[in-house]
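Q: start08.pdb is the file, holding PDB, C-alpha atoms and all ligand atoms:
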ATOM      1  CA  MET A   1       0.000   0.000   0.000  1.00  0.00           C
ATOM      2  CA  ILE A   2       1.233   3.472  -0.829  1.00  0.00           C
ATOM      3  CA  LEU A   3      -1.355   5.057   1.490  1.00  0.00           C
ATOM      4  CA  GLU A   4      -3.089   3.606   4.530  1.00  0.00           C
ATOM      5  CA  ILE A   5      -5.366   5.840   6.563  1.00  0.00           C
ATOM      6  CA  LYS A   6      -6.011   4.106   9.863  1.00  0.00           C
ATOM      7  CA  GLY A   7      -8.845   5.322  12.032  1.00  0.00           C
ATOM      8  CA  ILE A   8      -8.377   9.075  11.887  1.00  0.00           C
ATOM      9  CA  ASP A   9     -10.404  11.647  13.782  1.00  0.00           C
ATOM     10  CA  THR A  10     -10.205  15.169  12.371  1.00  0.00           C
ATOM     11  CA  TYR A  11     -11.721  18.359  13.758  1.00  0.00           C
ATOM     12  CA  TYR A  12     -12.262  21.964  12.746  1.00  0.00           C
ATOM     13  CA  GLY A  13     -12.117  23.588  16.161  1.00  0.00           C
ATOM     14  CA  LEU A  14     -14.769  21.758  18.164  1.00  0.00           C
ATOM     15  CA  GLY A  15     -16.423  20.382  15.043  1.00  0.00           C
ATOM     16  CA  HIS A  16     -15.682  16.663  14.935  1.00  0.00           C
ATOM     17  CA  ILE A  17     -15.692  15.859  11.201  1.00  0.00           C
ATOM     18  CA  LEU A  18     -13.915  12.531  10.575  1.00  0.00           C
ATOM     19  CA  HIS A  19     -14.759   9.623  12.887  1.00  0.00           C
ATOM     20  CA  GLY A  20     -12.289   6.752  12.723  1.00  0.00           C
ATOM     21  CA  LEU A  21     -12.036   7.080   8.963  1.00  0.00           C
ATOM     22  CA  TRP A  22      -9.914   4.464   7.201  1.00  0.00           C
ATOM     23  CA  LEU A  23      -9.020   3.715   3.593  1.00  0.00           C
ATOM     24  CA  SER A  24      -6.082   2.559   1.538  1.00  0.00           C
ATOM     25  CA  VAL A  25      -4.560   3.076  -1.898  1.00  0.00           C
ATOM     26  CA  ALA A  26      -2.269   0.442  -3.421  1.00  0.00           C
ATOM     27  CA  GLU A  27       0.704   1.319  -5.649  1.00  0.00           C
ATOM     28  CA  GLY A  28      -0.549   2.319  -9.088  1.00  0.00           C
ATOM     29  CA  GLU A  29      -4.190   2.217  -8.056  1.00  0.00           C
ATOM     30  CA  VAL A  30      -6.903   4.794  -8.729  1.00  0.00           C
ATOM     31  CA  VAL A  31      -9.219   4.888  -5.733  1.00  0.00           C
ATOM     32  CA  ALA A  32     -12.404   6.954  -5.757  1.00  0.00           C
ATOM     33  CA  LEU A  33     -13.727   8.656  -2.646  1.00  0.00           C
ATOM     34  CA  LEU A  34     -17.417   9.479  -3.003  1.00  0.00           C
ATOM     35  CA  GLY A  35     -20.116  10.862  -0.754  1.00  0.00           C
ATOM     36  CA  ARG A  36     -22.598  13.670  -0.638  1.00  0.00           C
ATOM     37  CA  ASN A  37     -21.753  17.281  -0.027  1.00  0.00           C
ATOM     38  CA  GLY A  38     -20.342  17.787   3.481  1.00  0.00           C
ATOM     39  CA  ALA A  39     -19.506  14.081   3.985  1.00  0.00           C
ATOM     40  CA  GLY A  40     -15.860  14.860   4.771  1.00  0.00           C
ATOM     41  CA  LYS A  41     -14.097  14.170   1.461  1.00  0.00           C
ATOM     42  CA  THR A  42     -12.089  17.399   1.339  1.00  0.00           C
ATOM     43  CA  THR A  43     -11.318  17.063   5.049  1.00  0.00           C
ATOM     44  CA  THR A  44      -9.877  13.601   4.335  1.00  0.00           C
ATOM     45  CA  LEU A  45      -7.524  15.073   1.729  1.00  0.00           C
ATOM     46  CA  ARG A  46      -6.619  17.929   4.098  1.00  0.00           C
ATOM     47  CA  SER A  47      -5.819  15.375   6.796  1.00  0.00           C
ATOM     48  CA  VAL A  48      -3.444  13.511   4.468  1.00  0.00           C
ATOM     49  CA  THR A  49      -1.660  16.651   3.285  1.00  0.00           C
ATOM     50  CA  GLY A  50      -1.282  18.004   6.822  1.00  0.00           C
ATOM     51  CA  LEU A  51      -3.413  21.113   6.231  1.00  0.00           C
ATOM     52  CA  THR A  52      -5.865  19.900   8.893  1.00  0.00           C
ATOM     53  CA  PRO A  53      -3.984  17.172  10.752  1.00  0.00           C
ATOM     54  CA  PRO A  54      -5.991  14.459  12.509  1.00  0.00           C
ATOM     55  CA  LYS A  55      -6.119  14.371  16.305  1.00  0.00           C
ATOM     56  CA  ARG A  56      -6.091  10.591  16.417  1.00  0.00           C
ATOM     57  CA  GLY A  57      -5.122   7.746  14.121  1.00  0.00           C
ATOM     58  CA  GLU A  58      -2.347   7.103  11.641  1.00  0.00           C
ATOM     59  CA  ILE A  59      -1.712   8.018   8.027  1.00  0.00           C
ATOM     60  CA  LEU A  60       0.895   5.674   6.618  1.00  0.00           C
ATOM     61  CA  TYR A  61       2.546   6.820   3.403  1.00  0.00           C
ATOM     62  CA  LYS A  62       4.920   4.161   2.085  1.00  0.00           C
ATOM     63  CA  GLY A  63       4.737   2.624   5.541  1.00  0.00           C
ATOM     64  CA  ARG A  64       5.741   5.749   7.445  1.00  0.00           C
ATOM     65  CA  ASN A  65       3.306   7.661   9.660  1.00  0.00           C
ATOM     66  CA  VAL A  66       2.979  11.184   8.240  1.00  0.00           C
ATOM     67  CA  ALA A  67      -0.021  12.248  10.355  1.00  0.00           C
ATOM     68  CA  GLY A  68       0.667  15.642  11.886  1.00  0.00           C
ATOM     69  CA  LEU A  69       3.837  16.360   9.910  1.00  0.00           C
ATOM     70  CA  ASP A  70       4.268  19.798   8.400  1.00  0.00           C
ATOM     71  CA  PRO A  71       2.404  20.126   5.039  1.00  0.00           C
ATOM     72  CA  HIS A  72       5.685  21.119   3.432  1.00  0.00           C
ATOM     73  CA  VAL A  73       7.391  17.924   4.628  1.00  0.00           C
ATOM     74  CA  ILE A  74       4.452  15.809   3.439  1.00  0.00           C
ATOM     75  CA  SER A  75       4.540  17.398  -0.001  1.00  0.00           C
ATOM     76  CA  GLN A  76       8.317  16.879  -0.187  1.00  0.00           C
ATOM     77  CA  SER A  77       7.796  13.194   0.550  1.00  0.00           C
ATOM     78  CA  GLY A  78       5.825  12.846  -2.707  1.00  0.00           C
ATOM     79  CA  ILE A  79       2.160  13.588  -2.051  1.00  0.00           C
ATOM     80  CA  ALA A  80       0.562  16.290  -4.199  1.00  0.00           C
ATOM     81  CA  LEU A  81      -2.898  17.813  -3.887  1.00  0.00           C
ATOM     82  CA  VAL A  82      -4.950  19.316  -6.700  1.00  0.00           C
ATOM     83  CA  PRO A  83      -7.369  21.404  -4.642  1.00  0.00           C
ATOM     84  CA  GLU A  84     -11.049  21.908  -5.402  1.00  0.00           C
ATOM     85  CA  THR A  85     -10.367  25.624  -5.816  1.00  0.00           C
ATOM     86  CA  ARG A  86      -7.506  24.857  -8.249  1.00  0.00           C
ATOM     87  CA  ASP A  87      -5.498  27.761  -6.774  1.00  0.00           C
ATOM     88  CA  ILE A  88      -4.024  28.968 -10.030  1.00  0.00           C
ATOM     89  CA  PHE A  89      -2.145  32.260  -9.820  1.00  0.00           C
ATOM     90  CA  SER A  90      -4.315  34.470 -12.031  1.00  0.00           C
ATOM     91  CA  TYR A  91      -1.691  37.120 -12.725  1.00  0.00           C
ATOM     92  CA  LEU A  92       1.119  34.671 -13.487  1.00  0.00           C
ATOM     93  CA  THR A  93       1.540  32.957 -16.826  1.00  0.00           C
ATOM     94  CA  VAL A  94       1.031  29.252 -17.398  1.00  0.00           C
ATOM     95  CA  LYS A  95       4.790  28.848 -17.517  1.00  0.00           C
ATOM     96  CA  GLU A  96       5.261  30.723 -14.234  1.00  0.00           C
ATOM     97  CA  ASN A  97       2.488  28.727 -12.566  1.00  0.00           C
ATOM     98  CA  LEU A  98       4.264  25.533 -13.603  1.00  0.00           C
ATOM     99  CA  SER A  99       7.680  26.757 -12.466  1.00  0.00           C
ATOM    100  CA  ILE A 100       6.288  27.279  -8.976  1.00  0.00           C
ATOM    101  CA  GLY A 101       5.574  23.556  -8.731  1.00  0.00           C
ATOM    102  CA  ARG A 102       9.077  22.591  -9.838  1.00  0.00           C
ATOM    103  CA  ARG A 103      11.011  20.419  -7.422  1.00  0.00           C
ATOM    104  CA  LYS A 104      14.586  19.199  -7.576  1.00  0.00           C
ATOM    105  CA  GLY A 105      14.905  15.590  -8.636  1.00  0.00           C
ATOM    106  CA  SER A 106      11.326  15.367  -9.921  1.00  0.00           C
ATOM    107  CA  ARG A 107      10.935  12.846 -12.721  1.00  0.00           C
ATOM    108  CA  TRP A 108       8.513  15.307 -14.316  1.00  0.00           C
ATOM    109  CA  GLN A 109      10.216  18.276 -15.944  1.00  0.00           C
ATOM    110  CA  MET A 110       8.512  21.185 -17.692  1.00  0.00           C
ATOM    111  CA  ASP A 111       8.800  19.542 -21.147  1.00  0.00           C
ATOM    112  CA  THR A 112       7.619  16.092 -20.008  1.00  0.00           C
ATOM    113  CA  VAL A 113       4.639  17.653 -18.280  1.00  0.00           C
ATOM    114  CA  LEU A 114       3.786  19.759 -21.320  1.00  0.00           C
ATOM    115  CA  GLU A 115       3.873  16.672 -23.539  1.00  0.00           C
ATOM    116  CA  ARG A 116       0.884  15.428 -21.530  1.00  0.00           C
ATOM    117  CA  PHE A 117      -0.933  18.762 -21.865  1.00  0.00           C
ATOM    118  CA  PRO A 118      -0.640  20.050 -25.438  1.00  0.00           C
ATOM    119  CA  SER A 119      -3.353  22.651 -24.842  1.00  0.00           C
ATOM    120  CA  LEU A 120      -1.236  24.237 -22.083  1.00  0.00           C
ATOM    121  CA  LYS A 121       1.809  24.191 -24.311  1.00  0.00           C
ATOM    122  CA  GLU A 122      -0.008  26.510 -26.704  1.00  0.00           C
ATOM    123  CA  ARG A 123      -0.863  28.871 -23.861  1.00  0.00           C
ATOM    124  CA  LEU A 124       2.460  29.054 -22.014  1.00  0.00           C
ATOM    125  CA  ASN A 125       2.541  32.847 -21.991  1.00  0.00           C
ATOM    126  CA  ASN A 126      -1.121  33.369 -21.172  1.00  0.00           C
ATOM    127  CA  LYS A 127      -2.062  34.477 -17.675  1.00  0.00           C
ATOM    128  CA  GLY A 128      -3.894  32.079 -15.385  1.00  0.00           C
ATOM    129  CA  ARG A 129      -7.019  34.241 -15.485  1.00  0.00           C
ATOM    130  CA  GLU A 130      -7.147  34.008 -19.282  1.00  0.00           C
ATOM    131  CA  LEU A 131      -7.645  30.243 -19.182  1.00  0.00           C
ATOM    132  CA  SER A 132     -10.961  28.414 -19.386  1.00  0.00           C
ATOM    133  CA  GLY A 133     -12.129  26.296 -16.431  1.00  0.00           C
ATOM    134  CA  GLY A 134     -10.900  23.157 -18.146  1.00  0.00           C
ATOM    135  CA  GLU A 135      -7.486  24.656 -18.882  1.00  0.00           C
ATOM    136  CA  GLN A 136      -7.212  25.818 -15.255  1.00  0.00           C
ATOM    137  CA  GLU A 137      -7.937  22.306 -14.050  1.00  0.00           C
ATOM    138  CA  MET A 138      -5.298  20.934 -16.440  1.00  0.00           C
ATOM    139  CA  LEU A 139      -2.840  23.550 -15.177  1.00  0.00           C
ATOM    140  CA  ALA A 140      -3.580  22.622 -11.550  1.00  0.00           C
ATOM    141  CA  ILE A 141      -2.909  18.946 -12.351  1.00  0.00           C
ATOM    142  CA  ALA A 142       0.193  19.796 -14.393  1.00  0.00           C
ATOM    143  CA  ARG A 143       1.564  21.950 -11.581  1.00  0.00           C
ATOM    144  CA  ALA A 144       1.032  19.151  -9.075  1.00  0.00           C
ATOM    145  CA  LEU A 145       2.924  16.789 -11.400  1.00  0.00           C
ATOM    146  CA  MET A 146       5.906  19.152 -11.497  1.00  0.00           C
ATOM    147  CA  THR A 147       6.607  18.159  -7.883  1.00  0.00           C
ATOM    148  CA  GLY A 148       7.083  14.556  -9.052  1.00  0.00           C
ATOM    149  CA  PRO A 149       4.435  12.969  -6.836  1.00  0.00           C
ATOM    150  CA  ASP A 150       3.986   9.230  -6.312  1.00  0.00           C
ATOM    151  CA  LEU A 151       0.537   9.891  -4.891  1.00  0.00           C
ATOM    152  CA  LEU A 152      -1.825  12.439  -6.396  1.00  0.00           C
ATOM    153  CA  LEU A 153      -4.896  13.620  -4.502  1.00  0.00           C
ATOM    154  CA  LEU A 154      -7.562  15.142  -6.753  1.00  0.00           C
ATOM    155  CA  ASP A 155     -10.442  17.100  -5.224  1.00  0.00           C
ATOM    156  CA  GLU A 156     -13.416  17.166  -7.601  1.00  0.00           C
ATOM    157  CA  PRO A 157     -11.482  17.717 -10.822  1.00  0.00           C
ATOM    158  CA  SER A 158     -14.672  17.613 -12.913  1.00  0.00           C
ATOM    159  CA  GLN A 159     -16.399  20.386 -10.975  1.00  0.00           C
ATOM    160  CA  GLY A 160     -17.885  23.105 -13.150  1.00  0.00           C
ATOM    161  CA  LEU A 161     -16.552  21.631 -16.386  1.00  0.00           C
ATOM    162  CA  ALA A 162     -18.488  20.976 -19.581  1.00  0.00           C
ATOM    163  CA  PRO A 163     -18.937  17.267 -20.455  1.00  0.00           C
ATOM    164  CA  LEU A 164     -16.370  17.354 -23.241  1.00  0.00           C
ATOM    165  CA  VAL A 165     -13.784  18.865 -20.903  1.00  0.00           C
ATOM    166  CA  VAL A 166     -14.616  16.275 -18.226  1.00  0.00           C
ATOM    167  CA  THR A 167     -13.732  13.631 -20.816  1.00  0.00           C
ATOM    168  CA  ALA A 168     -10.373  15.317 -21.403  1.00  0.00           C
ATOM    169  CA  VAL A 169      -9.661  15.365 -17.650  1.00  0.00           C
ATOM    170  CA  MET A 170     -10.595  11.678 -17.477  1.00  0.00           C
ATOM    171  CA  ASP A 171      -8.167  10.888 -20.299  1.00  0.00           C
ATOM    172  CA  THR A 172      -5.455  12.699 -18.377  1.00  0.00           C
ATOM    173  CA  ILE A 173      -6.145  10.658 -15.251  1.00  0.00           C
ATOM    174  CA  ARG A 174      -5.973   7.436 -17.304  1.00  0.00           C
ATOM    175  CA  GLU A 175      -2.637   8.496 -18.777  1.00  0.00           C
ATOM    176  CA  LEU A 176      -1.254   9.266 -15.339  1.00  0.00           C
ATOM    177  CA  LYS A 177      -2.307   5.818 -14.215  1.00  0.00           C
ATOM    178  CA  HIS A 178      -0.224   4.396 -17.063  1.00  0.00           C
ATOM    179  CA  GLN A 179       2.685   6.437 -15.688  1.00  0.00           C
ATOM    180  CA  HIS A 180       2.220   4.597 -12.348  1.00  0.00           C
ATOM    181  CA  VAL A 181       0.951   7.605 -10.432  1.00  0.00           C
ATOM    182  CA  SER A 182      -1.274   6.351  -7.608  1.00  0.00           C
ATOM    183  CA  MET A 183      -4.389   8.471  -7.174  1.00  0.00           C
ATOM    184  CA  LEU A 184      -7.105   9.195  -4.654  1.00  0.00           C
ATOM    185  CA  LEU A 185      -9.928  10.785  -6.618  1.00  0.00           C
ATOM    186  CA  VAL A 186     -12.632  12.718  -4.776  1.00  0.00           C
ATOM    187  CA  GLU A 187     -15.740  13.278  -6.874  1.00  0.00           C
ATOM    188  CA  GLN A 188     -19.361  14.372  -6.723  1.00  0.00           C
ATOM    189  CA  ASN A 189     -19.573  13.048 -10.260  1.00  0.00           C
ATOM    190  CA  ALA A 190     -19.936   9.381  -9.300  1.00  0.00           C
ATOM    191  CA  GLU A 191     -20.253   8.225 -12.891  1.00  0.00           C
ATOM    192  CA  MET A 192     -16.919   9.738 -13.867  1.00  0.00           C
ATOM    193  CA  ALA A 193     -15.194   8.290 -10.823  1.00  0.00           C
ATOM    194  CA  LEU A 194     -16.663   4.828 -11.334  1.00  0.00           C
ATOM    195  CA  GLN A 195     -15.365   4.732 -14.894  1.00  0.00           C
ATOM    196  CA  LEU A 196     -11.825   5.452 -13.713  1.00  0.00           C
ATOM    197  CA  ALA A 197     -11.479   3.781 -10.346  1.00  0.00           C
ATOM    198  CA  ASP A 198     -10.108   0.372  -9.446  1.00  0.00           C
ATOM    199  CA  ARG A 199     -11.822   0.592  -6.047  1.00  0.00           C
ATOM    200  CA  VAL A 200     -14.304   2.922  -4.406  1.00  0.00           C
ATOM    201  CA  TYR A 201     -15.088   4.168  -0.914  1.00  0.00           C
ATOM    202  CA  VAL A 202     -18.280   5.982  -0.029  1.00  0.00           C
ATOM    203  CA  ILE A 203     -18.199   8.058   3.140  1.00  0.00           C
ATOM    204  CA  ASP A 204     -20.939   9.787   5.089  1.00  0.00           C
ATOM    205  CA  HIS A 205     -20.661  11.904   8.237  1.00  0.00           C
ATOM    206  CA  GLY A 206     -16.937  11.224   8.279  1.00  0.00           C
ATOM    207  CA  THR A 207     -17.100   7.416   8.269  1.00  0.00           C
ATOM    208  CA  VAL A 208     -16.832   4.766   5.573  1.00  0.00           C
ATOM    209  CA  VAL A 209     -20.242   3.363   4.596  1.00  0.00           C
ATOM    210  CA  PHE A 210     -19.114   1.349   1.550  1.00  0.00           C
ATOM    211  CA  GLU A 211     -15.927  -0.178   0.211  1.00  0.00           C
ATOM    212  CA  GLY A 212     -15.727  -2.213  -2.975  1.00  0.00           C
ATOM    213  CA  THR A 213     -15.268  -2.245  -6.726  1.00  0.00           C
ATOM    214  CA  PRO A 214     -17.227   0.011  -9.097  1.00  0.00           C
ATOM    215  CA  THR A 215     -19.220  -3.054 -10.179  1.00  0.00           C
ATOM    216  CA  GLN A 216     -20.153  -3.854  -6.590  1.00  0.00           C
ATOM    217  CA  LEU A 217     -21.170  -0.252  -5.971  1.00  0.00           C
ATOM    218  CA  ARG A 218     -23.337  -0.084  -9.088  1.00  0.00           C
ATOM    219  CA  ALA A 219     -25.121  -3.235  -7.893  1.00  0.00           C
ATOM    220  CA  ASP A 220     -25.768  -1.772  -4.435  1.00  0.00           C
ATOM    221  CA  GLN A 221     -28.929   0.258  -5.003  1.00  0.00           C
ATOM    222  CA  LYS A 222     -29.301   1.100  -1.344  1.00  0.00           C
ATOM    223  CA  VAL A 223     -25.894   2.763  -1.115  1.00  0.00           C
ATOM    224  CA  THR A 224     -26.177   4.523  -4.468  1.00  0.00           C
ATOM    225  CA  ALA A 225     -29.648   5.868  -3.669  1.00  0.00           C
ATOM    226  CA  THR A 226     -28.870   6.884  -0.081  1.00  0.00           C
ATOM    227  CA  TYR A 227     -25.421   8.384  -0.445  1.00  0.00           C
ATOM    228  CA  LEU A 228     -24.948   9.212  -4.100  1.00  0.00           C
ATOM    229  CA  GLY A 229     -28.439  10.358  -4.979  1.00  0.00           C
ATOM    230  CA  VAL A 230     -28.647   8.162  -8.067  1.00  0.00           C
ATOM    231  CA  GLY A 231     -31.126   5.473  -9.048  1.00  0.00           C
ATOM    232  CA  GLY A 232     -33.791   4.719  -6.508  1.00  0.00           C
TER     233      GLY A 232
HETATM  234  N1  LIG B 301     -12.933  25.321   7.631  1.00  0.00           N
HETATM  235  C1  LIG B 301     -13.982  24.709   8.205  1.00  0.00           C
HETATM  236  N2  LIG B 301     -14.406  25.035   9.433  1.00  0.00           N
HETATM  237  C2  LIG B 301     -15.456  24.417  10.024  1.00  0.00           C
HETATM  238  N3  LIG B 301     -16.156  23.424   9.449  1.00  0.00           N
HETATM  239  C3  LIG B 301     -15.789  23.045   8.213  1.00  0.00           C
HETATM  240  C4  LIG B 301     -14.694  23.675   7.523  1.00  0.00           C
HETATM  241  N4  LIG B 301     -14.565  23.073   6.307  1.00  0.00           N
HETATM  242  C5  LIG B 301     -15.541  22.132   6.240  1.00  0.00           C
HETATM  243  N5  LIG B 301     -16.266  22.120   7.391  1.00  0.00           N
HETATM  244  C6  LIG B 301     -17.389  21.195   7.681  1.00  0.00           C
HETATM  245  O1  LIG B 301     -16.870  19.876   7.672  1.00  0.00           O
HETATM  246  C7  LIG B 301     -17.797  18.984   7.076  1.00  0.00           C
HETATM  247  C8  LIG B 301     -17.113  18.218   5.958  1.00  0.00           C
HETATM  248  O2  LIG B 301     -16.731  19.138   4.954  1.00  0.00           O
HETATM  249  P1  LIG B 301     -15.907  18.713   3.674  1.00  0.00           P
HETATM  250  O3  LIG B 301     -14.795  17.815   4.078  1.00  0.00           O
HETATM  251  O4  LIG B 301     -15.553  19.948   2.957  1.00  0.00           O
HETATM  252  O5  LIG B 301     -17.001  17.866   2.863  1.00  0.00           O
HETATM  253  P2  LIG B 301     -17.035  17.396   1.343  1.00  0.00           P
HETATM  254  O6  LIG B 301     -15.716  17.707   0.737  1.00  0.00           O
HETATM  255  O7  LIG B 301     -17.339  15.940   1.407  1.00  0.00           O
HETATM  256  O8  LIG B 301     -18.164  18.143   0.699  1.00  0.00           O
HETATM  257  C9  LIG B 301     -18.987  19.818   6.631  1.00  0.00           C
HETATM  258  O9  LIG B 301     -19.987  19.693   7.621  1.00  0.00           O
HETATM  259  C10 LIG B 301     -18.429  21.223   6.592  1.00  0.00           C
HETATM  260  O10 LIG B 301     -19.444  22.147   6.895  1.00  0.00           O
HETATM  261 MG    MG B 302     -15.198  18.935  -0.831  1.00  0.00          MG
END
Go ahead and express the file in the form of structure tokens.
Ligand SMILES: Nc1ncnc2c1ncn2[C@@H]1O[C@H](COP(=O)(O)OP(=O)(O)O)[C@@H](O)[C@H]1O
Ligand SMILES: [Mg+2]

A:
Amino acid sequence: MILEIKGIDTYYGLGHILHGLWLSVAEGEVVALLGRNGAGKTTTLRSVTGLTPPKRGEILYKGRNVAGLDPHVISQSGIALVPETRDIFSYLTVKENLSIGRRKGSRWQMDTVLERFPSLKERLNNKGRELSGGEQEMLAIARALMTGPDLLLLDEPSQGLAPLVVTAVMDTIRELKHQHVSMLLVEQNAEMALQLADRVYVIDHGTVVFEGTPTQLRADQKVTATYLGVGG
């Protein structure tokens, strides 16, 4: 396992959000994390990256407990987050945004990253704010890759994107899987996630309510209707 979350409890102040949450991601695996709005998906990613460290439990990355380490140290160890808000620098160019992600010794250099994202290559000197939503998402993923991560955490990459652009983002995720990047994919768009994922977790109120394959989840009408708002 590249990532093993073992029974974490995470709080915002007095608000107890994650309750003994557990999940794992194997090397090279794409794991989807689903659940309705407010279930604790983003908080799970924030716990892993150290932005909101858990109060209890362990987060093993390559076998080492990283729970509570400085976010900077966690990112240096090879975990990259593509946040829901994308966090592109609007007044910097595409090239400058990418340079910010650069890390010594990364197996992804500017040119190798740009090979994966031809549309960004054409817009290297455009400012972040001049990009479409889809291009901003691509830039956020490309910037995360510049750090040379072994584990990529994606927070709702399809959010606000037109269907055609969602397809492009999905293709990118598939390509990254071929490059042996392990991924934890948070999505509201269950259909997209189920097409990409090897395994799926559904969480609600900060605990796991389902673990299985996409096929098993599709067959579980109770879980899909209750927690994903599909079928009935
Ligand atoms: N910064 C914060 N301070 C206090 N409560 C928060 C904060 N961020 C999120 N929450 C609460 O934590 C819960 C889980 O939120 P979140 O992890 O963002 O859910 P999801 O990503 O699944 O939609 C929600 O009830 C939300 O209101
Ligand atoms: Mg969220």

Q: List as a list in words the protein and nucleic acid residues near Pro214 in chain A, meaning an atom at most 8 Å away when all atoms listed in the file are counted, but skip any in the same chain fewer than 6 places from it.

A: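 Skipping anything fewer than 6 positions along the chain leaves Leu194, Gln195, Ala197, Asp198, Arg199 and Val200 of chain A.
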
Q: Quick one: which residues end up in the PyMOL selection byres (((not hetatm)) within 8 of (chain B and resi 302)) for this structure, as a list in words?

A: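 Selected by the PyMOL selection byres (((not hetatm)) within 8 of (chain B and resi 302)) in this file: Asn37, Gly38, Gly40, Lys41, Thr42, Thr43, Glu84, Asp155, Glu156 and Val186 of chain A.
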
Q: Neighbouring residues of ligand LIG 301 (chain B) are defined here as those with any atom at most 10 Å from a ligand atom, counting all atoms listed in the file; list them as an NGL selection string.

A: :A and (10-18 or 33-47 or 52 or 84 or 155-156 or 186-188 or 203-206)

Q: Apply the PyMOL selection byres (((chain A and resi 48) around 12) and not hetatm) to the displayed file and report the matching residues as a PyMOL selection string.

A: chain A and resi 3-6+8-10+21-24+41-47+49-54+57-61+65-75+77-81+151-153+184

Q: Report as number ranges by chain the residues that result from applying the PyMOL selection byres (((chain A and resi 106) around 10) and not hetatm) to the structure here.

A: A: 78, 102-105, 107-109, 145-149

Q: Out of A:Met138, A:Val30, A:Leu185, A:Ala144, which residue has the shortest atom-to-atom distance to Val166 in chain A when counting all atoms listed in the file?

A: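 Residue with the minimum atom-to-atom distance to Val166 in chain A: A:Met138.
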
Q: List as a PyMOL selection string: which residues have an atom within 9 Å of (-4.6, 26.4, -21.1), counting all atoms listed in the file?

A: chain A and resi 94+117-124+126+128+130-139

Q: Any chance you could work out the axis-aligned box around range 26-33 of chain A, listed atoms only, 8 Å on each side, giving centre and edge lengths in Å to one decimal, as lines of an AutoDock Vina configuration file?

A:
center_x = -6.5
center_y = 4.5
center_z = -5.9
size_x = 30.4
size_y = 24.2
size_z = 22.4

Q: From the options A:Asn97, A:Asp150, A:Met110, A:Tyr227, which residue's atoms come nearest to Arg129 in chain A, counting all atoms listed in the file?

A: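 Among the listed residues, A:Asn97 lies closest to Arg129 in chain A.
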
Q: Go through A:Met192, A:Gly7, A:Glu27, A:Thr93 and flag the residue nearest His178 in chain A, using all atoms listed in the file for the distances.

A: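 Checking each candidate against His178 in chain A, we get A:Glu27 as the closest.
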